[in-house]
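J.: My structure is below; once you've seen it, I'll send some questions.
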Amino acid sequence: MTADTTEEAFLSTASSFRTLATEAFSSRTAEPAVAGQRTLRSSISCVGIGLHTGAAIRLSIRPAPADTGIVFQRTDIAASPLPARYDSVVETRLSTVIGESPQSGNRVATIEHMMSALHGRGIDNALILVDGPELPVLDGSSADFLFLLDCAGTTESDEPRREIEILKTVRVANGDAFAVLRPHARSGLSLEMTIDFPAAAIGRQKLSLDLDESAFRHDLAFSRTFTERGEIDALHRAGLALGGSLDNAIVVDGVNVLNPTGLRARDEFVRHKLLDAVGDLYLAGARLRGRFIGHKSGHHLNNQLLRTLFADRSAWRWAQKRASGSLQPRRVAA
Ligand SMILES: [Zn+2]
């Protein structure tokens, strides 16, 4: 696909998204002092290794018009744009993968750390071009993605930013693991995660935080993905994690952390699970206003939680975010 046709396909999709968004907000009335939607001021690119393929991947992040949302586009194959939404998720085994369909080759894996950075940095609209089947893993955290977004800068449109307000508690579980979304008085998203791993280097860790740009930047963005040494051989035999190394993941063996430079925080593991949840929950298509509670929750339960939420039209509603940080709830057409 040439650059021109890529751009045309994207603009056509962006246009249809805008039409849908305009219809969804047809009952909205103009109101001052709402926060505007944010996109990048300029495009920015990097090249990095894919965690699972081990191949060099080029990533470009471009500005996009208001009401586009986050859209991924493969440039190495003739492919349709892939909206970053919970119902585009086709696999959650080792990372969050979006695709045209479960069988389609038009898929992009390991999007969660990029989605988390976009959420944390407050980016509403962006086009993510990638010339392979997965995003570069970079250092295994969101820090490098956040750095790219900081370098590109941001710009705000006149179109108001929308949030999804949780009205009813929804819960999904798998064994003793569970994930919950419930209403919360505070503006924005409040998060709590508990993990419990047999490896003594990880053990039981718990963390709560109210998500804003500062909390994301200082408390979550730096935390890296992790694995246990015993899992690595099995992944390699399955042809996975070929690009994995101590440069892009924490590897633990019992009580030991094998990375020569150690951990970036004592509880880096639970911080990373929250980072993953922030990225996975941004697949709602907008920021959530509510409280998330995860217990051993990963990509699968995070996605099931969104599917359960959106299956019940009475469990959520659109809200506009005021620039002051307060929210003006608005009932809109479904
Ligand atoms: Zn992760």
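Following the order of the structure tokens, chains are lettered A, B, ..., residues in each are numbered from 1, and ligands are numbered from 1.
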Which neighbours of segment 110-115 of chain A fall inside 7 Å, counting only C-alpha atoms, when residues of the same chain fewer than 4 positions from it are skipped, and could you give them as a PyMOL selection string?
T.: chain A and resi 95-97+119+134-135+141-142+145+276+279-280+282
J.: Residues of segment 192-269 of chain A classed as strand (DSSP E or B) by DSSP on the backbone are to be reported as a list of chain:residue names.
T.: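 Strand (DSSP E or B) assignments inside segment 192-269 of chain A correspond to A:Glu192, A:Met193, A:Thr194, A:Ile195, A:Asp196, A:Arg204, A:Gln205, A:Lys206, A:Leu207, A:Ser208, A:Leu209, A:Asp210, A:Phe226, A:Thr227, A:Glu228, A:Ile250, A:Val251, A:Val252, A:Asp253, A:Asn256, A:Val257.
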J.: With distances taken over only C-alpha atoms and all ligand atoms, which residue among A:Gly153, A:Gly298, A:Gly54, A:Gly188 lies nearest ligand 1?
T.: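 Closest candidate: A:Gly298.
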J.: Would you mind reading off the distance between atom CA of Leu275 of chain A and atom CA of Arg121 of chain A, one decimal, in Å?
T.: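 A separation of 12.7 Å between them.
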J.: What's around segment 79-91 of chain A at 7 Å? Count only C-alpha atoms, leave out sequence neighbours fewer than 2 positions away in its own chain, and write the answer as an NGL selection string.
T.: :A and (9-10 or 70-74 or 77 or 93 or 96-102 or 106 or 283-285 or 303 or 306-307)
J.: Give me, as number ranges by chain, all polymer residues having an atom no more than 9 Å from Gly69 of chain A, counting only C-alpha atoms and skipping those fewer than 5 positions away in the same chain.
T.: A: 14, 17, 64, 83-84, 123-127, 285-286
J.: With only C-alpha atoms and all ligand atoms as the atoms that count, which of A:Ala117, A:Leu149, A:Val180, A:Ala311 lies nearest to ligand 1?
T.: A:Ala117
J.: Which one of A:Ala179, A:Leu209, A:Ala109, A:Leu129 sits closest to ligand 1 if you count only C-alpha atoms and all ligand atoms?
T.: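 Using only C-alpha atoms and all ligand atoms, the shortest distance to ligand 1 belongs to A:Ala109.
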J.: Between A:Asp247, A:Asp139, A:Asp196, A:Asp150, single out the one closest to ligand 1, counting only C-alpha atoms and all ligand atoms.
T.: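 So, comparing all the options, the nearest one is A:Asp139.
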J.: Pick the closest to ligand 1 from A:His300, A:Leu94, A:Gly244, A:Gln320: which is it, counting only C-alpha atoms and all ligand atoms?
T.: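 Distance minimum relative to ligand 1 lands on A:Leu94.
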J.: What is the distance between atom CA of Ala152 of chain A and atom CA of Ser60 of chain A, in Å to one decimal?
T.: 10.9 Å
J.: Which residues come within 9 Å of Ala277 of chain A, counting only C-alpha atoms, excluding same-chain residues fewer than 3 positions away, as JSON, numbers by chain?
T.: {"A": [112, 116, 191, 193, 272, 273, 274, 280, 281, 282, 292, 294, 297, 298, 299, 302]}
J.: With distances taken over only C-alpha atoms and all ligand atoms, which residue among A:Arg224, A:Arg204, A:Arg313, A:His295 lies nearest ligand 1?
T.: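 For ligand 1, the nearest of the candidates is A:Arg224.
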J.: I want to know what sits within 8 Å of Thr225 of chain A, based on only C-alpha atoms, with residues of the same chain fewer than 6 positions away left out; could you give that as number ranges by chain?
T.: A: 140-141, 248-250, 269, 272
J.: Let me see the file: selected residues, N, CA and C atoms, as a PDB file, in the first residue's frame.
T.:
```pdb
ATOM      1  N   GLY A 140      10.118  -2.223  27.331  1.00  0.00           N
ATOM      2  CA  GLY A 140       9.169  -3.070  28.056  1.00  0.00           C
ATOM      3  C   GLY A 140       8.214  -2.293  28.947  1.00  0.00           C
ATOM      4  N   SER A 141       8.362  -0.957  28.959  1.00  0.00           N
ATOM      5  CA  SER A 141       7.466  -0.103  29.747  1.00  0.00           C
ATOM      6  C   SER A 141       6.775   0.875  28.798  1.00  0.00           C
ATOM      7  N   ASN A 248      14.415  -5.576  27.765  1.00  0.00           N
ATOM      8  CA  ASN A 248      13.014  -5.161  27.589  1.00  0.00           C
ATOM      9  C   ASN A 248      12.035  -5.927  28.462  1.00  0.00           C
ATOM     10  N   ALA A 249      12.530  -6.623  29.472  1.00  0.00           N
ATOM     11  CA  ALA A 249      11.646  -7.302  30.418  1.00  0.00           C
ATOM     12  C   ALA A 249      12.412  -7.599  31.710  1.00  0.00           C
ATOM     13  N   ILE A 250      11.682  -7.601  32.812  1.00  0.00           N
ATOM     14  CA  ILE A 250      12.254  -8.098  34.066  1.00  0.00           C
ATOM     15  C   ILE A 250      12.115  -9.614  34.023  1.00  0.00           C
ATOM     16  N   PHE A 269       6.339  -4.654  39.726  1.00  0.00           N
ATOM     17  CA  PHE A 269       5.458  -5.650  39.092  1.00  0.00           C
ATOM     18  C   PHE A 269       3.994  -5.201  39.114  1.00  0.00           C
ATOM     19  N   HIS A 272       3.366  -2.325  36.867  1.00  0.00           N
ATOM     20  CA  HIS A 272       3.205  -2.677  35.449  1.00  0.00           C
ATOM     21  C   HIS A 272       1.814  -3.249  35.167  1.00  0.00           C
TER      22      HIS A 272
END
```
J.: Tell me which protein, DNA and RNA residues are within 7 Å of Arg289 of chain A, counting only C-alpha atoms, leaving out same-chain ones fewer than 5 positions away, and put them as an MDAnalysis selection string.
T.: chainID A and resid 163:166 187:189
J.: Any chance you could list, as JSON, numbers by chain, the residues in segment 100-193 of chain A that come up helix (DSSP H, G or I) when DSSP is run on the backbone?
T.: {"A": [112, 113, 114, 115, 116, 117, 118, 119, 120, 121, 143, 144, 145, 146, 147, 148, 149, 150, 151, 152]}
J.: Keeping only all heavy atoms, write the selected residues to a file as a short mmCIF file (atom, residue, chain, number, x, y, z; two decimals), in the first residue's frame.
T.:
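Result file part.cif:
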```cif
data_model
loop_
_atom_site.label_atom_id
_atom_site.label_comp_id
_atom_site.auth_asym_id
_atom_site.auth_seq_id
_atom_site.Cartn_x
_atom_site.Cartn_y
_atom_site.Cartn_z
N GLU A 112 -0.71 -2.54 24.21
CA GLU A 112 -1.15 -2.02 25.51
C GLU A 112 -0.23 -0.95 26.10
O GLU A 112 -0.71 -0.01 26.74
CB GLU A 112 -1.35 -3.16 26.51
CG GLU A 112 -0.13 -4.02 26.79
CD GLU A 112 0.01 -5.20 25.84
OE1 GLU A 112 -0.63 -5.21 24.77
OE2 GLU A 112 0.77 -6.14 26.17
N HIS A 113 1.08 -1.05 25.87
CA HIS A 113 1.97 -0.05 26.48
C HIS A 113 1.87 1.29 25.75
O HIS A 113 2.01 2.35 26.35
CB HIS A 113 3.41 -0.56 26.51
CG HIS A 113 3.56 -1.87 27.23
ND1 HIS A 113 4.64 -2.69 27.09
CD2 HIS A 113 2.71 -2.50 28.11
CE1 HIS A 113 4.47 -3.78 27.84
NE2 HIS A 113 3.30 -3.69 28.45
N MET A 114 1.63 1.22 24.43
CA MET A 114 1.38 2.45 23.65
C MET A 114 0.03 3.06 24.06
O MET A 114 -0.06 4.28 24.27
CB MET A 114 1.33 2.09 22.16
CG MET A 114 0.91 3.20 21.24
SD MET A 114 2.30 4.19 20.70
CE MET A 114 1.92 5.72 21.49
N MET A 115 -1.00 2.23 24.19
CA MET A 115 -2.33 2.72 24.59
C MET A 115 -2.27 3.36 25.98
O MET A 115 -2.93 4.37 26.24
CB MET A 115 -3.35 1.57 24.58
CG MET A 115 -3.72 1.05 23.21
SD MET A 115 -4.45 2.30 22.13
CE MET A 115 -5.97 2.69 23.02
N SER A 116 -1.47 2.75 26.85
CA SER A 116 -1.35 3.29 28.20
C SER A 116 -0.70 4.68 28.16
O SER A 116 -1.16 5.62 28.84
CB SER A 116 -0.50 2.32 29.04
OG SER A 116 -0.60 2.61 30.40
N ALA A 117 0.34 4.83 27.33
CA ALA A 117 1.01 6.14 27.22
C ALA A 117 0.06 7.19 26.63
O ALA A 117 0.04 8.34 27.08
CB ALA A 117 2.27 6.01 26.36
N LEU A 118 -0.73 6.80 25.63
CA LEU A 118 -1.69 7.73 25.02
C LEU A 118 -2.74 8.16 26.05
O LEU A 118 -3.10 9.33 26.13
CB LEU A 118 -2.37 7.07 23.82
CG LEU A 118 -1.48 6.84 22.59
CD1 LEU A 118 -2.12 5.83 21.64
CD2 LEU A 118 -1.20 8.15 21.86
N HIS A 119 -3.21 7.19 26.84
CA HIS A 119 -4.17 7.49 27.90
C HIS A 119 -3.53 8.44 28.91
O HIS A 119 -4.08 9.48 29.26
CB HIS A 119 -4.59 6.17 28.57
CG HIS A 119 -5.76 6.29 29.49
ND1 HIS A 119 -6.42 5.20 29.99
CD2 HIS A 119 -6.37 7.35 30.03
CE1 HIS A 119 -7.41 5.58 30.77
NE2 HIS A 119 -7.40 6.90 30.82
N GLY A 120 -2.33 8.05 29.36
CA GLY A 120 -1.66 8.83 30.40
C GLY A 120 -1.33 10.25 29.95
O GLY A 120 -1.40 11.19 30.74
N ARG A 121 -0.99 10.41 28.68
CA ARG A 121 -0.60 11.72 28.15
C ARG A 121 -1.81 12.55 27.71
O ARG A 121 -1.67 13.69 27.31
CB ARG A 121 0.36 11.51 26.95
CG ARG A 121 1.03 12.76 26.41
CD ARG A 121 1.99 13.37 27.42
NE ARG A 121 2.63 14.57 26.87
CZ ARG A 121 2.06 15.78 26.84
NH1 ARG A 121 0.83 15.94 27.29
NH2 ARG A 121 2.72 16.81 26.35
N ALA A 143 7.63 4.16 29.10
CA ALA A 143 8.46 5.36 29.23
C ALA A 143 8.89 5.91 27.86
O ALA A 143 8.84 7.13 27.63
CB ALA A 143 9.69 5.06 30.08
N ASP A 144 9.30 5.02 26.95
CA ASP A 144 9.78 5.50 25.64
C ASP A 144 8.63 6.02 24.78
O ASP A 144 8.79 6.96 24.00
CB ASP A 144 10.53 4.39 24.91
CG ASP A 144 11.86 4.06 25.58
OD1 ASP A 144 12.39 4.94 26.30
OD2 ASP A 144 12.35 2.94 25.40
N PHE A 145 7.45 5.40 24.89
CA PHE A 145 6.29 5.92 24.17
C PHE A 145 5.92 7.30 24.69
O PHE A 145 5.60 8.21 23.92
CB PHE A 145 5.09 4.97 24.32
CG PHE A 145 5.28 3.62 23.67
CD1 PHE A 145 5.31 2.46 24.42
CD2 PHE A 145 5.43 3.52 22.29
CE1 PHE A 145 5.47 1.22 23.83
CE2 PHE A 145 5.60 2.28 21.68
CZ PHE A 145 5.63 1.13 22.45
N LEU A 146 5.98 7.46 26.00
CA LEU A 146 5.68 8.76 26.60
C LEU A 146 6.70 9.80 26.13
O LEU A 146 6.33 10.95 25.83
CB LEU A 146 5.70 8.63 28.13
CG LEU A 146 5.22 9.81 28.95
CD1 LEU A 146 3.78 10.17 28.61
CD2 LEU A 146 5.34 9.50 30.45
N PHE A 147 7.97 9.40 26.03
CA PHE A 147 9.01 10.30 25.55
C PHE A 147 8.71 10.76 24.12
O PHE A 147 8.83 11.95 23.78
CB PHE A 147 10.37 9.59 25.61
CG PHE A 147 11.49 10.37 25.00
CD1 PHE A 147 12.03 11.47 25.67
CD2 PHE A 147 12.01 10.03 23.75
CE1 PHE A 147 13.07 12.21 25.10
CE2 PHE A 147 13.04 10.77 23.18
CZ PHE A 147 13.57 11.86 23.86
N LEU A 148 8.29 9.81 23.27
CA LEU A 148 7.95 10.17 21.88
C LEU A 148 6.80 11.18 21.86
O LEU A 148 6.83 12.16 21.11
CB LEU A 148 7.54 8.92 21.09
CG LEU A 148 8.66 7.93 20.74
CD1 LEU A 148 8.07 6.65 20.17
CD2 LEU A 148 9.65 8.55 19.75
N LEU A 149 5.77 10.93 22.68
CA LEU A 149 4.61 11.84 22.71
C LEU A 149 5.03 13.21 23.24
O LEU A 149 4.56 14.25 22.74
CB LEU A 149 3.50 11.25 23.58
CG LEU A 149 2.91 9.91 23.09
CD1 LEU A 149 1.89 9.37 24.09
CD2 LEU A 149 2.27 10.07 21.71
N ASP A 150 5.92 13.23 24.22
CA ASP A 150 6.41 14.51 24.74
C ASP A 150 7.18 15.27 23.66
O ASP A 150 7.06 16.49 23.53
CB ASP A 150 7.32 14.29 25.95
CG ASP A 150 6.53 13.95 27.21
OD1 ASP A 150 5.31 14.19 27.24
OD2 ASP A 150 7.15 13.43 28.17
N CYS A 151 7.99 14.54 22.88
CA CYS A 151 8.77 15.18 21.80
C CYS A 151 7.85 15.76 20.73
O CYS A 151 8.12 16.84 20.19
CB CYS A 151 9.72 14.18 21.16
SG CYS A 151 11.08 13.69 22.22
N ALA A 152 6.77 15.03 20.40
CA ALA A 152 5.84 15.49 19.36
C ALA A 152 5.04 16.69 19.84
O ALA A 152 4.62 17.53 19.04
CB ALA A 152 4.92 14.35 18.95
#
```
